[in-house]
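Here is the structure we will look at, set down as C-alpha cells.
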Amino acid sequence: MLNGKTILVTGGTGSFGNHFVEYALTHYKPKKLIIYSRDEYKQFVMSNKYKEYKEILRFFIGDVRDRERLSVALNGVDYVIHAAAMKQVPTCEYNPIEAVKTNINGAMNVVDAVLNSRSVKKVVALSTDKSVNPINLYGGTKLVSDKLFIAANAYAGSRDLSFSVVRYGNVAGSRGSVIPFFNNIIKEGGNELPITDYRMTRFWINLEQGVELVIKALSDAKGGETFISKIPSFKITDLAQAMLPGCKMPEVGIREGEKLHEVMVTKEDSTNTYEYEKHYIIYPHFEWWNKDVLEGGKRVEQGFEYNSGTNTEWLSVEQLKEILSQM
C-alpha cells in the first residue's frame, strides 16, 4: 500500500507519528516520509533515531496554521495523514482560540492545500471519541474538523482524491493518557492510584492498532467514510489493579469535560453504519455520495451504539496485566 509512495504526516513527531514511521519502515518501502511539525527538537531526536533512513525521511518545520507552508510541503506527496492537533482537554478549555486555530483552521488549511495540490490522492484525518456528542472544546473542534474532511470530498470533483476519517479514543500508553500517569505515581513509590469515577470505562487500542486502521483507510476509503476499530473495553479500576495490585483507589471526582464512557458510534449514526470483521464504517449521508459500500459489511441495527460501557468484549485484570507486560 505504501510501497513507492510519498507520505506526509502532520504532527509527525507525536506518539502516532513516531509509531507510524516505525511501522511504515518495517512493513513497506515508501519512497519518502515527510514529517511535518513545529517542534525542531522533537524532529532532531526523531532524525537521530532513524539515521539509517536519511534517504527516505524528510523533516519539515511547519504549522498547520500556515497554509502556504503546507502547500510547499505537499509538493509531490501521494498520501496525507493529518495527526496534528491540540489534544489536552484542560489546555483547550483554557486556550480556546488557540485550539480553534490549530484544530479547525488547521484542518481547513490541510483541506485547501490538498485541493490545490496536483499530486495528493488520499487523505486520512485522525479523530477522537471526544468528537462524538462533544461536551468539551477539544471535542467540539474535532467534530468540526471531521465534518470539514468529510465534506471536502464534494470539492474533489472528478479527481482521483479521497478524504476519510479514522476515529479512536485514548491510545494506550500515549502521552497524556492514564497509563503514563499511573506509572509516574508508581515510580515515585505511591500506593494509591486516583480514580475520577469508579464507573468509568474506556476502549483499549494500542498505537500499532491505530496505525493499522489508518493503513486500512488509505487502502479502502472511497471518500467520506469514518473508520472505527472493533476493540475491547476495560474498567479504569481494573487497569489500576493490573498496574498496582491491591492499591488503594480514592475516587477524586470526574474532571471538567470528561465522560464516563467512550462512544464511537452514536444511535443517530447507526442508519449509515456497517459492521465488518474487525471494524465499523460510518458512511456519509450526503446527496453527493453515490459510491457503493465496501463488500463484506452488514448494516447495524437501527439504534445501535458503540459504547465502551455497553461493549460485548472486555479485558479482565489478568488480561490487562499480560498486555501491560508486553508494552
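Identifiers for the C-alpha cells are assigned positionally: chains receive A, B, ... in sequence, residues are indexed from 1 per chain, and ligands are indexed from 1 in the order shown.
Excluding A:Pro30 itself and any same-chain residue fewer than 5 positions from it, the protein and nucleic acid residues within 10 Å of it, counting only C-alpha atoms, are Met1, Leu2, Asn3, Gly4, Lys5, Thr6, Ile7, Ala24, Leu25, Ile56 and Leu57 of chain A.
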Would you return as a PyMOL selection string the members of stretch 115-316 of chain A that DSSP assigns to helix (DSSP H, G or I) on this structure's backbone?
-> chain A and resi 115+129-131+137-155+178-187+207-220+236-243+268-272
Can you tell me, as a count of residues only, what residues are no more than 9 Å from A:Met108 when counting only C-alpha atoms, ignoring any on the same chain fewer than 3 positions away?
-> 12
Would you write out, as JSON lines, a table of all residues in stretch 191-267 of chain A that have an atom no more than 8 Å from an atom of stretch 122-125 of chain A, listing for each the closest atom pair and the distance in Å to one decimal, considering only C-alpha atoms and ordering rows by chain and rising residue number?
{"residue": "A:Val214", "atom": "CA", "partner": "A:Val124", "partner_atom": "CA", "distance": 6.9}
{"residue": "A:Ala217", "atom": "CA", "partner": "A:Val124", "partner_atom": "CA", "distance": 6.9}
{"residue": "A:Leu218", "atom": "CA", "partner": "A:Lys122", "partner_atom": "CA", "distance": 6.6}
Using all heavy atoms, can you export the residues from the last selection as a compact mmCIF listing (two decimals), in the first residue's frame?
# COMPACT_ATOMS: atom_id res chain seq x y z
N VAL A 214 -5.38 3.24 10.14
CA VAL A 214 -5.08 4.29 9.15
C VAL A 214 -4.69 3.65 7.82
O VAL A 214 -5.13 4.10 6.74
CB VAL A 214 -3.94 5.20 9.66
CG1 VAL A 214 -3.41 6.09 8.54
CG2 VAL A 214 -4.45 6.07 10.82
N ALA A 217 -7.76 2.53 6.11
CA ALA A 217 -8.48 3.65 5.49
C ALA A 217 -7.80 4.08 4.20
O ALA A 217 -8.47 4.36 3.19
CB ALA A 217 -8.57 4.81 6.48
N LEU A 218 -6.48 4.14 4.20
CA LEU A 218 -5.76 4.50 2.98
C LEU A 218 -6.04 3.50 1.87
O LEU A 218 -6.14 3.86 0.70
CB LEU A 218 -4.25 4.55 3.25
CG LEU A 218 -3.72 5.76 4.02
CD1 LEU A 218 -2.25 5.55 4.36
CD2 LEU A 218 -3.90 7.05 3.22
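Ranking A:Leu161, A:Ala221, A:Leu260, A:Ile135 by their shortest atom-to-atom distance to A:Thr196, with only C-alpha atoms included, puts A:Leu260 first.
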